[in-house]
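What follows is the content of target.tsv, which has TSV, N, CA and C atoms:
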chain	number	residue	atom	x	y	z
A	1	MET	N	7.36	12.90	-4.17
A	1	MET	CA	6.19	12.04	-4.11
A	1	MET	C	4.90	12.79	-4.42
A	2	ALA	N	4.87	14.09	-4.19
A	2	ALA	CA	3.63	14.84	-4.40
A	2	ALA	C	3.20	14.80	-5.87
A	3	ALA	N	4.13	14.99	-6.77
A	3	ALA	CA	3.78	14.97	-8.20
A	3	ALA	C	3.31	13.58	-8.61
A	4	TYR	N	3.99	12.55	-8.12
A	4	TYR	CA	3.58	11.17	-8.43
A	4	TYR	C	2.19	10.90	-7.89
A	5	ALA	N	1.93	11.29	-6.65
A	5	ALA	CA	0.63	11.04	-6.02
A	5	ALA	C	-0.48	11.77	-6.78
A	6	ALA	N	-0.21	13.00	-7.20
A	6	ALA	CA	-1.21	13.76	-7.96
A	6	ALA	C	-1.49	13.09	-9.31
A	7	ALA	N	-0.43	12.65	-9.96
A	7	ALA	CA	-0.60	11.98	-11.26
A	7	ALA	C	-1.38	10.68	-11.09
A	8	LYS	N	-1.04	9.92	-10.06
A	8	LYS	CA	-1.74	8.65	-9.83
A	8	LYS	C	-3.21	8.89	-9.49
A	9	ALA	N	-3.51	9.92	-8.72
A	9	ALA	CA	-4.90	10.25	-8.41
A	9	ALA	C	-5.64	10.61	-9.69
A	10	GLY	N	-4.97	11.32	-10.59
A	10	GLY	CA	-5.58	11.67	-11.87
A	10	GLY	C	-5.87	10.44	-12.72
A	11	VAL	N	-4.93	9.50	-12.76
A	11	VAL	CA	-5.13	8.25	-13.51
A	11	VAL	C	-6.29	7.47	-12.92
A	12	SER	N	-6.34	7.41	-11.59
A	12	SER	CA	-7.42	6.70	-10.91
A	12	SER	C	-8.78	7.34	-11.22
A	13	ALA	N	-8.85	8.66	-11.17
A	13	ALA	CA	-10.10	9.37	-11.48
A	13	ALA	C	-10.48	9.17	-12.95
A	14	LEU	N	-9.50	9.18	-13.83
A	14	LEU	CA	-9.76	8.94	-15.26
A	14	LEU	C	-10.37	7.55	-15.44
A	15	ALA	N	-9.78	6.55	-14.78
A	15	ALA	CA	-10.32	5.18	-14.89
A	15	ALA	C	-11.76	5.13	-14.38
A	16	ASP	N	-12.03	5.80	-13.26
A	16	ASP	CA	-13.39	5.81	-12.71
A	16	ASP	C	-14.38	6.44	-13.69
A	17	CYS	N	-13.99	7.55	-14.30
A	17	CYS	CA	-14.88	8.23	-15.26
A	17	CYS	C	-15.07	7.38	-16.52
A	18	LEU	N	-13.99	6.84	-17.05
A	18	LEU	CA	-14.09	6.02	-18.25
A	18	LEU	C	-14.96	4.79	-18.01
A	19	ARG	N	-14.83	4.20	-16.82
A	19	ARG	CA	-15.62	3.02	-16.48
A	19	ARG	C	-17.11	3.31	-16.66
A	20	ILE	N	-17.55	4.48	-16.24
A	20	ILE	CA	-18.96	4.88	-16.36
A	20	ILE	C	-19.30	5.19	-17.82
A	21	GLU	N	-18.42	5.92	-18.48
A	21	GLU	CA	-18.70	6.37	-19.84
A	21	GLU	C	-18.78	5.24	-20.86
A	22	VAL	N	-18.02	4.17	-20.66
A	22	VAL	CA	-17.99	3.08	-21.65
A	22	VAL	C	-18.76	1.84	-21.20
A	23	ALA	N	-19.39	1.91	-20.04
A	23	ALA	CA	-20.09	0.73	-19.51
A	23	ALA	C	-21.14	0.20	-20.48
A	24	ALA	N	-21.86	1.06	-21.18
A	24	ALA	CA	-22.92	0.63	-22.09
A	24	ALA	C	-22.39	-0.17	-23.27
A	25	THR	N	-21.09	-0.04	-23.56
A	25	THR	CA	-20.49	-0.78	-24.69
A	25	THR	C	-20.02	-2.16	-24.27
A	26	GLY	N	-20.09	-2.46	-22.96
A	26	GLY	CA	-19.59	-3.75	-22.47
A	26	GLY	C	-18.11	-3.71	-22.14
A	27	THR	N	-17.52	-2.54	-22.32
A	27	THR	CA	-16.09	-2.37	-22.01
A	27	THR	C	-15.93	-2.15	-20.51
A	28	THR	N	-14.91	-2.77	-19.94
A	28	THR	CA	-14.60	-2.53	-18.54
A	28	THR	C	-13.27	-1.80	-18.45
A	29	VAL	N	-13.08	-1.09	-17.37
A	29	VAL	CA	-11.86	-0.31	-17.18
A	29	VAL	C	-11.30	-0.65	-15.81
A	30	GLY	N	-10.01	-0.94	-15.77
A	30	GLY	CA	-9.34	-1.21	-14.51
A	30	GLY	C	-8.15	-0.29	-14.34
A	31	CYS	N	-7.62	-0.30	-13.13
A	31	CYS	CA	-6.46	0.53	-12.82
A	31	CYS	C	-5.54	-0.27	-11.90
A	32	ALA	N	-4.25	-0.21	-12.15
A	32	ALA	CA	-3.28	-0.95	-11.34
A	32	ALA	C	-2.64	-0.03	-10.32
A	33	TYR	N	-2.49	-0.56	-9.11
A	33	TYR	CA	-1.86	0.15	-8.01
A	33	TYR	C	-0.76	-0.75	-7.45
A	34	PHE	N	0.47	-0.36	-7.67
A	34	PHE	CA	1.60	-1.15	-7.19
A	34	PHE	C	2.42	-0.36	-6.19
A	35	SER	N	3.10	-1.08	-5.33
A	35	SER	CA	4.13	-0.48	-4.51
A	35	SER	C	5.34	-0.30	-5.43
A	36	PHE	N	6.52	-0.22	-4.88
A	36	PHE	CA	7.71	-0.13	-5.71
A	36	PHE	C	7.88	-1.40	-6.52
A	37	ILE	N	8.19	-1.25	-7.81
A	37	ILE	CA	8.51	-2.38	-8.68
A	37	ILE	C	10.01	-2.32	-8.93
A	38	ASP	N	10.65	-3.47	-8.92
A	38	ASP	CA	12.10	-3.55	-9.06
A	38	ASP	C	12.53	-3.24	-10.50
A	39	THR	N	12.61	-1.95	-10.80
A	39	THR	CA	13.04	-1.49	-12.12
A	39	THR	C	14.28	-0.61	-11.96
A	40	ASP	N	14.90	-0.29	-13.07
A	40	ASP	CA	16.06	0.61	-13.02
A	40	ASP	C	15.68	1.95	-12.39
A	41	MET	N	14.50	2.47	-12.74
A	41	MET	CA	14.06	3.75	-12.19
A	41	MET	C	13.92	3.68	-10.67
A	42	THR	N	13.30	2.61	-10.16
A	42	THR	CA	13.12	2.46	-8.72
A	42	THR	C	14.46	2.31	-8.02
A	43	ARG	N	15.34	1.50	-8.58
A	43	ARG	CA	16.66	1.32	-7.95
A	43	ARG	C	17.42	2.63	-7.90
A	44	THR	N	17.33	3.43	-8.97
A	44	THR	CA	18.00	4.74	-8.99
A	44	THR	C	17.42	5.65	-7.92
A	45	ALA	N	16.08	5.69	-7.85
A	45	ALA	CA	15.43	6.57	-6.87
A	45	ALA	C	15.77	6.15	-5.45
A	46	LEU	N	15.75	4.86	-5.16
A	46	LEU	CA	16.04	4.40	-3.81
A	46	LEU	C	17.52	4.50	-3.46
A	47	ALA	N	18.35	4.63	-4.47
A	47	ALA	CA	19.78	4.76	-4.21
A	47	ALA	C	20.13	6.14	-3.66
A	48	GLU	N	19.29	7.12	-3.93
A	48	GLU	CA	19.52	8.46	-3.40
A	48	GLU	C	19.30	8.42	-1.90
A	49	GLU	N	20.25	8.90	-1.15
A	49	GLU	CA	20.23	8.79	0.31
A	49	GLU	C	18.94	9.29	0.94
A	50	GLU	N	18.49	10.47	0.56
A	50	GLU	CA	17.29	11.04	1.18
A	50	GLU	C	16.07	10.18	0.87
A	51	ALA	N	15.93	9.77	-0.39
A	51	ALA	CA	14.78	8.94	-0.77
A	51	ALA	C	14.81	7.61	-0.04
A	52	ARG	N	15.99	7.03	0.07
A	52	ARG	CA	16.11	5.73	0.74
A	52	ARG	C	15.75	5.86	2.22
A	53	ARG	N	16.23	6.89	2.86
A	53	ARG	CA	15.95	7.09	4.28
A	53	ARG	C	14.45	7.36	4.51
A	54	ALA	N	13.85	8.19	3.66
A	54	ALA	CA	12.42	8.50	3.81
A	54	ALA	C	11.57	7.26	3.55
A	55	ALA	N	11.92	6.48	2.53
A	55	ALA	CA	11.15	5.26	2.23
A	55	ALA	C	11.25	4.27	3.38
A	56	ARG	N	12.44	4.11	3.93
A	56	ARG	CA	12.60	3.18	5.07
A	56	ARG	C	11.79	3.65	6.26
A	57	ALA	N	11.84	4.95	6.55
A	57	ALA	CA	11.14	5.48	7.71
A	57	ALA	C	9.62	5.39	7.52
A	58	ALA	N	9.15	5.70	6.32
A	58	ALA	CA	7.71	5.68	6.06
A	58	ALA	C	7.16	4.26	6.06
A	59	ASN	N	8.01	3.29	5.82
A	59	ASN	CA	7.55	1.91	5.71
A	59	ASN	C	8.09	1.02	6.82
A	60	ARG	N	8.34	1.60	7.99
A	60	ARG	CA	8.88	0.81	9.09
A	60	ARG	C	8.03	-0.39	9.46
A	61	VAL	N	6.73	-0.22	9.38
A	61	VAL	CA	5.85	-1.30	9.80
A	61	VAL	C	5.89	-2.44	8.80
A	62	PHE	N	5.79	-2.14	7.52
A	62	PHE	CA	5.65	-3.19	6.52
A	62	PHE	C	6.97	-3.58	5.86
A	63	ARG	N	7.91	-2.66	5.78
A	63	ARG	CA	9.19	-2.88	5.12
A	63	ARG	C	9.04	-3.61	3.78
A	64	PRO	N	8.26	-3.06	2.85
A	64	PRO	CA	8.09	-3.75	1.58
A	64	PRO	C	9.37	-3.76	0.76
A	65	ARG	N	9.59	-4.86	0.11
A	65	ARG	CA	10.69	-4.94	-0.84
A	65	ARG	C	10.11	-4.61	-2.21
A	66	PRO	N	10.92	-4.04	-3.10
A	66	PRO	CA	10.39	-3.80	-4.45
A	66	PRO	C	9.88	-5.11	-5.05
A	67	LEU	N	8.73	-5.02	-5.72
A	67	LEU	CA	8.12	-6.19	-6.34
A	67	LEU	C	8.90	-6.59	-7.57
A	68	PRO	N	9.11	-7.88	-7.77
A	68	PRO	CA	9.75	-8.32	-9.03
A	68	PRO	C	8.86	-7.94	-10.22
A	69	VAL	N	9.48	-7.53	-11.31
A	69	VAL	CA	8.74	-7.14	-12.50
A	69	VAL	C	7.82	-8.28	-12.95
A	70	GLU	N	8.31	-9.51	-12.87
A	70	GLU	CA	7.53	-10.67	-13.31
A	70	GLU	C	6.23	-10.80	-12.49
A	71	LYS	N	6.31	-10.54	-11.20
A	71	LYS	CA	5.12	-10.64	-10.34
A	71	LYS	C	4.11	-9.56	-10.72
A	72	ALA	N	4.59	-8.34	-10.96
A	72	ALA	CA	3.70	-7.26	-11.38
A	72	ALA	C	3.05	-7.60	-12.72
A	73	ALA	N	3.83	-8.14	-13.64
A	73	ALA	CA	3.30	-8.50	-14.96
A	73	ALA	C	2.25	-9.60	-14.85
A	74	ARG	N	2.51	-10.61	-14.03
A	74	ARG	CA	1.52	-11.69	-13.84
A	74	ARG	C	0.22	-11.16	-13.27
A	75	SER	N	0.33	-10.23	-12.32
A	75	SER	CA	-0.88	-9.69	-11.73
A	75	SER	C	-1.65	-8.84	-12.74
A	76	LEU	N	-0.94	-8.14	-13.62
A	76	LEU	CA	-1.61	-7.37	-14.67
A	76	LEU	C	-2.37	-8.29	-15.61
A	77	VAL	N	-1.72	-9.36	-16.04
A	77	VAL	CA	-2.37	-10.32	-16.95
A	77	VAL	C	-3.60	-10.92	-16.28
A	78	ARG	N	-3.44	-11.34	-15.03
A	78	ARG	CA	-4.56	-11.94	-14.29
A	78	ARG	C	-5.70	-10.92	-14.14
A	79	GLY	N	-5.36	-9.67	-13.82
A	79	GLY	CA	-6.38	-8.64	-13.69
A	79	GLY	C	-7.11	-8.37	-14.99
A	80	ILE	N	-6.38	-8.35	-16.10
A	80	ILE	CA	-7.01	-8.13	-17.41
A	80	ILE	C	-7.91	-9.31	-17.75
A	81	GLU	N	-7.43	-10.52	-17.52
A	81	GLU	CA	-8.24	-11.71	-17.80
A	81	GLU	C	-9.54	-11.72	-16.98
A	82	ARG	N	-9.46	-11.26	-15.76
A	82	ARG	CA	-10.64	-11.23	-14.87
A	82	ARG	C	-11.46	-9.96	-15.02
A	83	ARG	N	-10.95	-9.04	-15.85
A	83	ARG	CA	-11.60	-7.74	-16.04
A	83	ARG	C	-11.76	-7.03	-14.69
A	84	SER	N	-10.68	-7.05	-13.92
A	84	SER	CA	-10.70	-6.49	-12.57
A	84	SER	C	-10.78	-4.97	-12.59
A	85	ARG	N	-11.49	-4.44	-11.63
A	85	ARG	CA	-11.57	-2.99	-11.43
A	85	ARG	C	-10.23	-2.48	-10.90
A	86	TRP	N	-9.65	-3.22	-9.97
A	86	TRP	CA	-8.37	-2.85	-9.35
A	86	TRP	C	-7.40	-4.01	-9.42
A	87	ILE	N	-6.15	-3.66	-9.65
A	87	ILE	CA	-5.04	-4.61	-9.51
A	87	ILE	C	-4.13	-3.99	-8.46
A	88	VAL	N	-3.99	-4.64	-7.32
A	88	VAL	CA	-3.27	-4.04	-6.20
A	88	VAL	C	-2.20	-5.01	-5.69
A	89	LEU	N	-0.97	-4.54	-5.64
A	89	LEU	CA	0.14	-5.29	-5.03
A	89	LEU	C	0.99	-4.33	-4.23
A	90	PRO	N	1.38	-4.67	-3.05
A	90	PRO	CA	0.96	-5.80	-2.25
A	90	PRO	C	-0.53	-5.68	-1.92
A	91	ARG	N	-1.16	-6.81	-1.73
A	91	ARG	CA	-2.62	-6.85	-1.54
A	91	ARG	C	-3.09	-6.06	-0.33
A	92	PHE	N	-2.25	-5.97	0.72
A	92	PHE	CA	-2.70	-5.25	1.92
A	92	PHE	C	-2.90	-3.75	1.65
A	93	HIS	N	-2.48	-3.26	0.50
A	93	HIS	CA	-2.70	-1.86	0.14
A	93	HIS	C	-4.14	-1.59	-0.31
A	94	ARG	N	-4.94	-2.64	-0.49
A	94	ARG	CA	-6.34	-2.46	-0.92
A	94	ARG	C	-7.11	-1.54	0.04
A	95	GLY	N	-6.76	-1.60	1.31
A	95	GLY	CA	-7.44	-0.75	2.28
A	95	GLY	C	-7.36	0.72	1.93
A	96	ALA	N	-6.25	1.13	1.33
A	96	ALA	CA	-6.10	2.54	0.95
A	96	ALA	C	-7.07	2.92	-0.16
A	97	LEU	N	-7.50	1.96	-0.96
A	97	LEU	CA	-8.48	2.25	-2.00
A	97	LEU	C	-9.90	2.22	-1.44
A	98	ILE	N	-10.13	1.32	-0.51
A	98	ILE	CA	-11.46	1.16	0.05
A	98	ILE	C	-11.79	2.29	1.02
A	99	ALA	N	-10.81	2.69	1.83
A	99	ALA	CA	-11.05	3.74	2.84
A	99	ALA	C	-9.86	4.70	2.85
A	100	PRO	N	-9.71	5.52	1.79
A	100	PRO	CA	-8.52	6.36	1.70
A	100	PRO	C	-8.36	7.39	2.81
A	101	ALA	N	-9.44	8.00	3.25
A	101	ALA	CA	-9.31	9.06	4.28
A	101	ALA	C	-8.76	8.51	5.59
A	102	PRO	N	-9.29	7.42	6.13
A	102	PRO	CA	-8.71	6.90	7.37
A	102	PRO	C	-7.26	6.44	7.20
A	103	VAL	N	-6.96	5.83	6.06
A	103	VAL	CA	-5.58	5.39	5.83
A	103	VAL	C	-4.65	6.59	5.78
A	104	GLN	N	-5.08	7.67	5.13
A	104	GLN	CA	-4.26	8.89	5.07
A	104	GLN	C	-4.00	9.44	6.46
A	105	LEU	N	-5.02	9.44	7.31
A	105	LEU	CA	-4.84	9.92	8.68
A	105	LEU	C	-3.82	9.08	9.44
A	106	VAL	N	-3.86	7.78	9.25
A	106	VAL	CA	-2.89	6.89	9.91
A	106	VAL	C	-1.48	7.18	9.39
A	107	ILE	N	-1.34	7.36	8.09
A	107	ILE	CA	-0.02	7.66	7.51
A	107	ILE	C	0.52	8.97	8.06
A	108	GLU	N	-0.32	10.00	8.10
A	108	GLU	CA	0.12	11.30	8.62
A	108	GLU	C	0.51	11.21	10.08
A	109	ALA	N	-0.26	10.47	10.86
A	109	ALA	CA	0.09	10.29	12.28
A	109	ALA	C	1.43	9.58	12.41
A	110	GLY	N	1.65	8.57	11.58
A	110	GLY	CA	2.93	7.86	11.62
A	110	GLY	C	4.09	8.75	11.24
A	111	ILE	N	3.89	9.61	10.25
A	111	ILE	CA	4.94	10.54	9.83
A	111	ILE	C	5.27	11.51	10.97
A	112	ARG	N	4.24	12.02	11.64
A	112	ARG	CA	4.49	12.91	12.79
A	112	ARG	C	5.22	12.17	13.90
A	113	ARG	N	4.76	10.95	14.20
A	113	ARG	CA	5.37	10.18	15.29
A	113	ARG	C	6.83	9.85	14.98
A	114	LEU	N	7.14	9.57	13.74
A	114	LEU	CA	8.50	9.23	13.37
A	114	LEU	C	9.38	10.46	13.14
A	115	GLY	N	8.78	11.64	13.13
A	115	GLY	CA	9.56	12.87	12.95
A	115	GLY	C	10.03	13.10	11.53
A	116	ILE	N	9.41	12.44	10.55
A	116	ILE	CA	9.84	12.58	9.17
A	116	ILE	C	9.60	14.00	8.67
A	117	GLY	N	8.45	14.59	9.02
A	117	GLY	CA	8.17	15.96	8.60
A	117	GLY	C	9.21	16.93	9.11
A	118	GLU	N	9.61	16.78	10.36
A	118	GLU	CA	10.64	17.66	10.94
A	118	GLU	C	11.96	17.50	10.22
A	119	GLU	N	12.34	16.27	9.90
A	119	GLU	CA	13.59	16.02	9.20
A	119	GLU	C	13.57	16.68	7.82
A	120	LEU	N	12.45	16.55	7.10
A	120	LEU	CA	12.36	17.18	5.78
A	120	LEU	C	12.40	18.70	5.87
A	121	ARG	N	11.74	19.27	6.90
A	121	ARG	CA	11.78	20.74	7.09
A	121	ARG	C	13.22	21.20	7.34
A	122	ARG	N	13.97	20.46	8.17
A	122	ARG	CA	15.36	20.85	8.43
A	122	ARG	C	16.18	20.81	7.16
A	123	ARG	N	15.96	19.80	6.33
A	123	ARG	CA	16.74	19.65	5.10
A	123	ARG	C	16.40	20.70	4.06
A	124	HIS	N	15.12	21.08	3.99
A	124	HIS	CA	14.68	21.94	2.89
A	124	HIS	C	14.19	23.30	3.35
A	125	GLY	N	14.13	23.49	4.67
A	125	GLY	CA	13.50	24.69	5.19
A	125	GLY	C	14.31	25.89	5.22
Just give me the structure as structure tokens.
Amino acid sequence: MAAYAAAKAGVSALADCLRIEVAATGTTVGCAYFSFIDTDMTRTALAEEEARRAARAANRVFRPRPLPVEKAARSLVRGIERRSRWIVLPRFHRGALIAPAPVQLVIEAGIRRLGIGEELRRRHG
């Protein structure tokens, strides 16, 4: 997840910079933020025992199901039509964009409480 998170942060920062750089041309820039989308890649990743167990543990509260590809596509089209800054699914993830630091603290506390960090250390340590 670290490489994915770093790449996504880079894409998000790129969108933010481009938004400023092209604003004078009337061009708008948006960025999409999705949870898991029901694709072959996602199904393969979640099929791996460790990934499946970590995803279930990390998402105990919300238990998100992978989003249907059609739903993600509809939201992209709607976001482009509206020239949206953000396209976020599930919508409750917007809080992570609005207040990332507090959300990160909550996630880390949940990981400690659930013992996920200890389990990963035992497996890889």
| task | May I ask which of the residues A:Pro90, A:Gly10, A:Gly95, A:Pro68 is the closest one to Thr39 of chain A, counting all atoms listed in the file? | result |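 Going through A:Pro90, A:Gly10, A:Gly95, A:Pro68 one by one, the smallest distance to Thr39 of chain A is for A:Pro68.
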| message | Between A:Val22, A:Ala32, A:Ile111, A:Ala7, which residue has the minimum interatomic distance to Trp86 of chain A, considering only N, CA and C atoms? | response | A:Ala32
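Atom CA of Pro66 of chain A sits 24.9 Å away from atom CA of Pro102 of chain A.
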| said: Among segment 1-113 of chain A, which residues does DSSP mark as helix (DSSP H, G or I) when it is run on the backbone? Keep the chain and numbering as in the structure and answer as a ChimeraX atom specification. | reply: /A:2-21,23-25,40-47,49-58,69-82,91-98,100-113
| query | What separation in Å, quoted to one decimal, exists between atom CA of Leu67 of chain A and atom N of Ser35 of chain A? | reply |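 Distance between the two atoms: 7.2 Å.
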| query | What separation in Å, quoted to one decimal, exists between atom C of Thr44 of chain A and atom CA of Ala101 of chain A? | reply | 29.6 Å
Size and centre in Å, one decimal, axis-aligned box, all listed segment 21-26 of chain A atoms plus 8 Å per side, as lines of an AutoDock Vina configuration file:
center_x = -20.5
center_y = 1.3
center_z = -21.6
size_x = 20.9
size_y = 26.1
size_z = 22.2
| query | Which one is closest to Phe36 of chain A: A:Leu76, A:Val69, A:Leu105, A:Ala6? Count only N, CA and C atoms. | reply |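 Among the listed residues, the smallest separation from Phe36 of chain A belongs to A:Val69.
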| request: Name the closest residue to Ser84 of chain A among the candidates A:Ile37, A:Ala9, A:Ala96, A:Cys31; distances are taken between atoms, counting only N, CA and C atoms. | output: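 Checking each candidate against Ser84 of chain A, we get A:Cys31 as the closest.
Of the listed residues (A:Leu114, A:Met41, A:Ala109, A:Val29), A:Val29 comes nearest to Ile87 of chain A; the distances count only C-alpha atoms.
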